[in-house]
$ cat data-v6.pdb   # PDB, C-alpha atoms, pLDDT in the B column
ATOM      1  CA  MET A   1       4.855 -73.720  44.565  1.00 58.00           C
ATOM      2  CA  ASN A   2       5.838 -70.092  45.072  1.00 79.00           C
ATOM      3  CA  ALA A   3       9.375 -68.697  45.041  1.00 72.00           C
ATOM      4  CA  LEU A   4       9.731 -68.611  48.842  1.00 69.00           C
ATOM      5  CA  THR A   5       8.704 -72.242  49.173  1.00 75.00           C
ATOM      6  CA  THR A   6      11.161 -73.175  46.436  1.00 72.00           C
ATOM      7  CA  LEU A   7      13.913 -71.283  48.234  1.00 73.00           C
ATOM      8  CA  LEU A   8      13.253 -72.998  51.572  1.00 74.00           C
ATOM      9  CA  THR A   9      12.826 -76.597  50.418  1.00 78.00           C
ATOM     10  CA  GLY A  10      15.329 -79.212  49.354  1.00 77.00           C
ATOM     11  CA  TRP A  11      19.020 -78.409  49.486  1.00 82.00           C
ATOM     12  CA  ARG A  12      18.585 -74.673  48.888  1.00 87.00           C
ATOM     13  CA  TRP A  13      18.130 -73.387  52.455  1.00 90.00           C
ATOM     14  CA  PRO A  14      21.065 -75.349  53.930  1.00 93.00           C
ATOM     15  CA  VAL A  15      23.290 -73.957  51.165  1.00 93.00           C
ATOM     16  CA  ILE A  16      22.018 -70.415  51.761  1.00 94.00           C
ATOM     17  CA  ALA A  17      22.625 -70.837  55.520  1.00 95.00           C
ATOM     18  CA  LEU A  18      26.132 -72.080  54.765  1.00 96.00           C
ATOM     19  CA  LEU A  19      26.795 -69.085  52.502  1.00 96.00           C
ATOM     20  CA  ALA A  20      25.363 -66.689  55.096  1.00 96.00           C
ATOM     21  CA  SER A  21      27.726 -68.163  57.706  1.00 96.00           C
ATOM     22  CA  ALA A  22      30.676 -67.794  55.357  1.00 96.00           C
ATOM     23  CA  ALA A  23      29.647 -64.190  54.651  1.00 96.00           C
ATOM     24  CA  MET A  24      29.457 -63.419  58.380  1.00 94.00           C
ATOM     25  CA  LEU A  25      32.933 -64.877  58.879  1.00 94.00           C
ATOM     26  CA  ALA A  26      34.260 -62.940  55.897  1.00 94.00           C
ATOM     27  CA  GLY A  27      32.748 -59.738  57.279  1.00 92.00           C
ATOM     28  CA  ALA A  28      34.313 -60.313  60.687  1.00 90.00           C
ATOM     29  CA  HIS A  29      37.707 -60.988  59.149  1.00 89.00           C
ATOM     30  CA  ALA A  30      37.363 -57.906  56.920  1.00 90.00           C
ATOM     31  CA  PHE A  31      36.637 -55.702  59.943  1.00 85.00           C
ATOM     32  CA  GLU A  32      39.727 -57.174  61.574  1.00 84.00           C
ATOM     33  CA  THR A  33      42.040 -57.014  58.564  1.00 85.00           C
ATOM     34  CA  PHE A  34      40.976 -53.776  56.902  1.00 87.00           C
ATOM     35  CA  GLY A  35      39.322 -51.950  59.792  1.00 82.00           C
ATOM     36  CA  GLY A  36      41.849 -52.777  62.478  1.00 81.00           C
ATOM     37  CA  LEU A  37      39.070 -53.993  64.804  1.00 79.00           C
ATOM     38  CA  TYR A  38      40.798 -56.800  66.663  1.00 82.00           C
ATOM     39  CA  PRO A  39      38.558 -59.510  68.125  1.00 82.00           C
ATOM     40  CA  CYS A  40      38.070 -60.156  71.802  1.00 83.00           C
ATOM     41  CA  PRO A  41      37.632 -63.721  73.110  1.00 84.00           C
ATOM     42  CA  LEU A  42      33.831 -63.394  72.918  1.00 86.00           C
ATOM     43  CA  CYS A  43      34.092 -62.192  69.303  1.00 85.00           C
ATOM     44  CA  LEU A  44      36.035 -65.338  68.517  1.00 85.00           C
ATOM     45  CA  ARG A  45      33.346 -67.435  70.250  1.00 89.00           C
ATOM     46  CA  GLN A  46      30.764 -65.907  67.938  1.00 90.00           C
ATOM     47  CA  ARG A  47      32.863 -66.924  64.951  1.00 90.00           C
ATOM     48  CA  GLU A  48      33.104 -70.508  66.255  1.00 93.00           C
ATOM     49  CA  VAL A  49      29.333 -70.830  65.914  1.00 94.00           C
ATOM     50  CA  TYR A  50      29.543 -70.048  62.203  1.00 95.00           C
ATOM     51  CA  TRP A  51      32.478 -72.415  61.682  1.00 96.00           C
ATOM     52  CA  ALA A  52      30.504 -75.175  63.421  1.00 95.00           C
ATOM     53  CA  LEU A  53      27.471 -74.458  61.259  1.00 96.00           C
ATOM     54  CA  ILE A  54      29.529 -74.670  58.084  1.00 96.00           C
ATOM     55  CA  ALA A  55      31.038 -78.019  59.098  1.00 96.00           C
ATOM     56  CA  MET A  56      27.685 -79.444  60.206  1.00 95.00           C
ATOM     57  CA  THR A  57      25.854 -78.252  57.093  1.00 95.00           C
ATOM     58  CA  LEU A  58      28.471 -79.600  54.686  1.00 95.00           C
ATOM     59  CA  THR A  59      28.362 -82.955  56.476  1.00 94.00           C
ATOM     60  CA  GLY A  60      24.561 -82.938  56.519  1.00 92.00           C
ATOM     61  CA  LEU A  61      24.286 -82.136  52.817  1.00 91.00           C
ATOM     62  CA  ALA A  62      26.750 -84.914  51.976  1.00 92.00           C
ATOM     63  CA  ILE A  63      24.739 -87.416  54.006  1.00 91.00           C
ATOM     64  CA  TRP A  64      21.454 -86.145  52.568  1.00 88.00           C
ATOM     65  CA  ARG A  65      22.875 -86.635  49.076  1.00 87.00           C
ATOM     66  CA  LEU A  66      23.464 -90.309  49.929  1.00 89.00           C
ATOM     67  CA  VAL A  67      20.178 -90.775  51.791  1.00 84.00           C
ATOM     68  CA  PRO A  68      17.689 -88.210  50.455  1.00 81.00           C
ATOM     69  CA  LYS A  69      14.975 -88.601  53.103  1.00 83.00           C
ATOM     70  CA  ARG A  70      12.536 -85.835  53.967  1.00 82.00           C
ATOM     71  CA  ARG A  71      12.889 -86.345  57.706  1.00 86.00           C
ATOM     72  CA  PHE A  72      16.674 -85.992  57.479  1.00 88.00           C
ATOM     73  CA  LEU A  73      16.370 -82.679  55.628  1.00 90.00           C
ATOM     74  CA  VAL A  74      13.794 -81.452  58.155  1.00 90.00           C
ATOM     75  CA  ALA A  75      16.163 -82.456  60.981  1.00 92.00           C
ATOM     76  CA  LEU A  76      19.085 -80.720  59.251  1.00 93.00           C
ATOM     77  CA  ASN A  77      17.096 -77.491  58.974  1.00 94.00           C
ATOM     78  CA  VAL A  78      16.110 -77.750  62.651  1.00 95.00           C
ATOM     79  CA  LEU A  79      19.758 -78.315  63.612  1.00 96.00           C
ATOM     80  CA  ILE A  80      20.808 -75.324  61.519  1.00 96.00           C
ATOM     81  CA  GLY A  81      18.194 -73.273  63.374  1.00 96.00           C
ATOM     82  CA  LEU A  82      19.488 -74.512  66.737  1.00 97.00           C
ATOM     83  CA  VAL A  83      23.066 -73.596  65.828  1.00 96.00           C
ATOM     84  CA  PHE A  84      21.927 -70.118  64.807  1.00 96.00           C
ATOM     85  CA  LEU A  85      20.076 -69.885  68.153  1.00 97.00           C
ATOM     86  CA  THR A  86      23.358 -70.741  69.860  1.00 96.00           C
ATOM     87  CA  GLY A  87      24.812 -67.808  67.961  1.00 95.00           C
ATOM     88  CA  VAL A  88      21.998 -65.611  69.296  1.00 95.00           C
ATOM     89  CA  VAL A  89      22.817 -66.597  72.879  1.00 95.00           C
ATOM     90  CA  VAL A  90      26.567 -66.020  72.460  1.00 93.00           C
ATOM     91  CA  ALA A  91      26.065 -62.702  70.655  1.00 92.00           C
ATOM     92  CA  PHE A  92      23.542 -61.330  73.143  1.00 94.00           C
ATOM     93  CA  TYR A  93      25.732 -62.442  76.041  1.00 91.00           C
ATOM     94  CA  HIS A  94      28.593 -60.505  74.436  1.00 86.00           C
ATOM     95  CA  ALA A  95      26.338 -57.480  73.957  1.00 88.00           C
ATOM     96  CA  GLY A  96      25.314 -57.795  77.615  1.00 87.00           C
ATOM     97  CA  VAL A  97      28.973 -57.812  78.636  1.00 87.00           C
ATOM     98  CA  GLU A  98      29.498 -54.667  76.546  1.00 83.00           C
ATOM     99  CA  TRP A  99      26.579 -52.966  78.312  1.00 84.00           C
ATOM    100  CA  GLN A 100      27.884 -54.221  81.714  1.00 83.00           C
ATOM    101  CA  VAL A 101      24.708 -56.274  82.235  1.00 85.00           C
ATOM    102  CA  PHE A 102      26.776 -59.454  82.615  1.00 85.00           C
ATOM    103  CA  PRO A 103      30.267 -59.828  84.047  1.00 84.00           C
ATOM    104  CA  PRO A 104      32.960 -60.544  81.460  1.00 81.00           C
ATOM    105  CA  PRO A 105      34.429 -64.041  81.481  1.00 80.00           C
ATOM    106  CA  ASP A 106      38.046 -64.671  82.419  1.00 77.00           C
ATOM    107  CA  GLY A 107      40.461 -63.723  79.660  1.00 71.00           C
ATOM    108  CA  CYS A 108      38.498 -60.719  78.440  1.00 73.00           C
ATOM    109  CA  SER A 109      40.816 -58.107  79.847  1.00 61.00           C
ATOM    110  CA  GLY A 110      42.335 -57.200  76.474  1.00 51.00           C
ATOM    111  CA  GLY A 111      45.808 -55.924  75.781  1.00 50.00           C
ATOM    112  CA  PRO A 112      48.715 -57.625  74.047  1.00 48.00           C
ATOM    113  CA  GLY A 113      48.980 -61.375  74.142  1.00 47.00           C
ATOM    114  CA  THR A 114      51.021 -64.018  72.438  1.00 44.00           C
ATOM    115  CA  ASP A 115      50.009 -65.715  69.250  1.00 47.00           C
ATOM    116  CA  PRO A 116      51.631 -69.140  68.900  1.00 46.00           C
ATOM    117  CA  MET A 117      50.762 -69.210  65.189  1.00 49.00           C
ATOM    118  CA  ASN A 118      52.537 -65.934  64.399  1.00 49.00           C
ATOM    119  CA  PHE A 119      55.533 -67.043  62.339  1.00 49.00           C
ATOM    120  CA  GLY A 120      56.471 -63.525  61.256  1.00 52.00           C
ATOM    121  CA  ASP A 121      57.856 -61.117  63.793  1.00 54.00           C
ATOM    122  CA  ILE A 122      57.826 -63.195  66.977  1.00 53.00           C
ATOM    123  CA  ASP A 123      58.480 -60.121  69.079  1.00 53.00           C
ATOM    124  CA  GLN A 124      55.205 -58.550  67.893  1.00 55.00           C
ATOM    125  CA  PRO A 125      52.373 -59.484  70.314  1.00 56.00           C
ATOM    126  CA  MET A 126      48.892 -60.327  69.071  1.00 57.00           C
ATOM    127  CA  LYS A 127      46.357 -57.594  69.816  1.00 62.00           C
ATOM    128  CA  ILE A 128      43.335 -58.642  71.871  1.00 66.00           C
ATOM    129  CA  ALA A 129      40.411 -56.279  72.328  1.00 68.00           C
ATOM    130  CA  LEU A 130      38.414 -55.752  75.499  1.00 71.00           C
ATOM    131  CA  CYS A 131      35.157 -57.712  75.671  1.00 69.00           C
ATOM    132  CA  THR A 132      33.524 -54.805  77.487  1.00 71.00           C
ATOM    133  CA  ALA A 133      34.297 -52.145  74.877  1.00 73.00           C
ATOM    134  CA  ALA A 134      32.319 -52.145  71.640  1.00 70.00           C
ATOM    135  CA  PRO A 135      34.315 -50.491  68.837  1.00 76.00           C
ATOM    136  CA  PHE A 136      31.195 -48.689  67.567  1.00 74.00           C
ATOM    137  CA  TYR A 137      27.407 -48.717  67.640  1.00 65.00           C
ATOM    138  CA  PHE A 138      25.093 -48.614  64.638  1.00 80.00           C
ATOM    139  CA  ILE A 139      21.458 -47.687  65.317  1.00 85.00           C
ATOM    140  CA  GLY A 140      22.059 -48.399  68.990  1.00 76.00           C
ATOM    141  CA  LEU A 141      23.533 -51.889  68.569  1.00 77.00           C
ATOM    142  CA  SER A 142      27.139 -53.014  68.665  1.00 82.00           C
ATOM    143  CA  MET A 143      28.579 -55.556  66.254  1.00 83.00           C
ATOM    144  CA  ALA A 144      27.720 -58.273  68.799  1.00 82.00           C
ATOM    145  CA  GLY A 145      24.144 -57.013  68.976  1.00 84.00           C
ATOM    146  CA  TRP A 146      23.770 -57.016  65.196  1.00 87.00           C
ATOM    147  CA  ASN A 147      25.291 -60.487  65.052  1.00 90.00           C
ATOM    148  CA  GLY A 148      22.575 -61.615  67.472  1.00 92.00           C
ATOM    149  CA  VAL A 149      19.824 -60.033  65.384  1.00 93.00           C
ATOM    150  CA  ILE A 150      21.142 -61.606  62.176  1.00 94.00           C
ATOM    151  CA  SER A 151      21.496 -65.002  63.868  1.00 95.00           C
ATOM    152  CA  ALA A 152      17.926 -64.741  65.204  1.00 96.00           C
ATOM    153  CA  VAL A 153      16.570 -63.990  61.724  1.00 96.00           C
ATOM    154  CA  LEU A 154      18.548 -66.891  60.230  1.00 96.00           C
ATOM    155  CA  ALA A 155      17.317 -69.206  63.015  1.00 96.00           C
ATOM    156  CA  GLY A 156      13.715 -68.223  62.304  1.00 95.00           C
ATOM    157  CA  ILE A 157      14.155 -68.834  58.587  1.00 93.00           C
ATOM    158  CA  SER A 158      15.757 -72.218  59.352  1.00 94.00           C
ATOM    159  CA  PHE A 159      12.785 -73.310  61.459  1.00 94.00           C
ATOM    160  CA  ALA A 160      10.425 -72.055  58.740  1.00 92.00           C
ATOM    161  CA  ALA A 161      12.407 -74.054  56.181  1.00 90.00           C
ATOM    162  CA  ALA A 162      12.025 -77.156  58.351  1.00 91.00           C
ATOM    163  CA  ALA A 163       8.251 -76.646  58.577  1.00 89.00           C
ATOM    164  CA  ILE A 164       7.861 -75.919  54.868  1.00 89.00           C
ATOM    165  CA  THR A 165      10.027 -78.904  53.939  1.00 84.00           C
ATOM    166  CA  PHE A 166       7.973 -81.123  56.240  1.00 83.00           C
ATOM    167  CA  ARG A 167       4.668 -79.953  54.710  1.00 80.00           C
ATOM    168  CA  HIS A 168       5.960 -79.863  51.125  1.00 70.00           C
ATOM    169  CA  TYR A 169       7.343 -83.360  51.047  1.00 60.00           C
ATOM    170  CA  ARG A 170       4.447 -84.785  53.094  1.00 54.00           C
ATOM    171  CA  THR A 171       1.974 -83.881  50.359  1.00 48.00           C
ATOM    172  CA  LYS A 172       4.013 -85.670  47.692  1.00 48.00           C
TER
END
$ encode --input "data-v6.pdb" --output "structure tokens"
Amino acid sequence: MNALTTLLTGWRWPVIALLASAAMLAGAHAFETFGGLYPCPLCLRQREVYWALIAMTLTGLAIWRLVPKRRFLVALNVLIGLVFLTGVVVAFYHAGVEWQVFPPPDGCSGGPGTDPMNFGDIDQPMKIALCTAAPFYFIGLSMAGWNGVISAVLAGISFAAAAITFRHYRTK
């Protein structure tokens, strides 16, 4: 068994996917906290995909630990891939809104809003960015576009992990 097969079988890929999701969330929060790039409603939707993946993967790994069946692990990897594909759709929709290919959804007008969880200065409104304005582009893609690319790569790896896990455990 080569190193790639080892990395994509058993519990390893779900844990790597979980860590990748946590890293994406940490990066988004770092851009917000240290870079002053406030999220728009579509940015927050993209984050929800990663939060959902983390919750699903933790639950799946706990169940797999109790019932270590090959078909369950294959299904978990497929589900992880489907959640990452959801992230692709949300991210590319957001990128399309930025490029004015799609109309922005309601609530994406930006400007100050109210944050019910702000217990500090209650007179200070929460800052909400415009969904149609990307803060910057890197090699022609906005942050939403790069999020879509990264999610697509992670989805592909997840489906490969499902196939490798299926073949690996079938031969044993």
$ residues_around --input "data-v6.pdb" --residues "A:Arg70" --least-positions-apart "5" --cutoff "10 Å" --atoms "only C-alpha atoms" --output "short mmCIF file (atom, residue, chain, number, x, y, z; two decimals) with C-alpha atoms, keeping the file's coordinate frame"
data_model
loop_
_atom_site.label_atom_id
_atom_site.label_comp_id
_atom_site.auth_asym_id
_atom_site.auth_seq_id
_atom_site.Cartn_x
_atom_site.Cartn_y
_atom_site.Cartn_z
CA THR A 9 12.83 -76.60 50.42
CA GLY A 10 15.33 -79.21 49.35
CA TRP A 64 21.45 -86.14 52.57
CA ALA A 75 16.16 -82.46 60.98
CA LEU A 76 19.08 -80.72 59.25
CA ALA A 162 12.02 -77.16 58.35
CA THR A 165 10.03 -78.90 53.94
CA PHE A 166 7.97 -81.12 56.24
CA ARG A 167 4.67 -79.95 54.71
CA HIS A 168 5.96 -79.86 51.12
CA TYR A 169 7.34 -83.36 51.05
CA ARG A 170 4.45 -84.78 53.09
#
$ residues_around --input "data-v6.pdb" --residues "stretch 130-136 of chain A" --least-positions-apart "2" --cutoff "9 Å" --atoms "only C-alpha atoms" --output "PyMOL selection string"
chain A and resi 37+39-43+94-100+103-105+107-111+128+138+141-144
$ resolve_selection --input "data-v6.pdb" --expression "the PyMOL selection byres ((chain A and resi 28) around 10)" --output "ChimeraX atom specification"
/A:22-27,29-33,35,37-39,43-44,46-47,143
$ closest_residue --input "data-v6.pdb" --among "A:Thr6, A:Thr86, A:Ser158, A:Asn77" --to "A:Val49" --atoms "only C-alpha atoms"
A:Thr86
$ closest_residue --input "data-v6.pdb" --among "A:Trp11, A:Tyr50, A:Ile164, A:Phe84" --to "A:Pro68" --atoms "all atoms listed in the file"
A:Trp11
$ closest_residue --input "data-v6.pdb" --among "A:Val89, A:Ile80, A:Ile139, A:Ala163" --to "A:Ile16" --atoms "only C-alpha atoms"
A:Ile80
$ residues_around --input "data-v6.pdb" --residues "A:Gly81" --least-positions-apart "3" --cutoff "8 Å" --atoms "all atoms listed in the file" --output "JSON, numbers by chain"
{"A": [77, 78, 84, 85, 154, 155, 156, 157, 158, 159]}
$ axis_aligned_box --input "data-v6.pdb" --around "stretch 31-50 of chain A" --padding-each-side "3 Å" --output "JSON"
{"center_x": 35.7, "center_y": -61.4, "center_z": 65.0, "size_x": 18.7, "size_y": 24.9, "size_z": 22.2}
$ atom_distance --input "data-v6.pdb" --atom1 "atom CA of A:Ala20" --atom2 "atom CA of A:Phe102"
28.5 Å
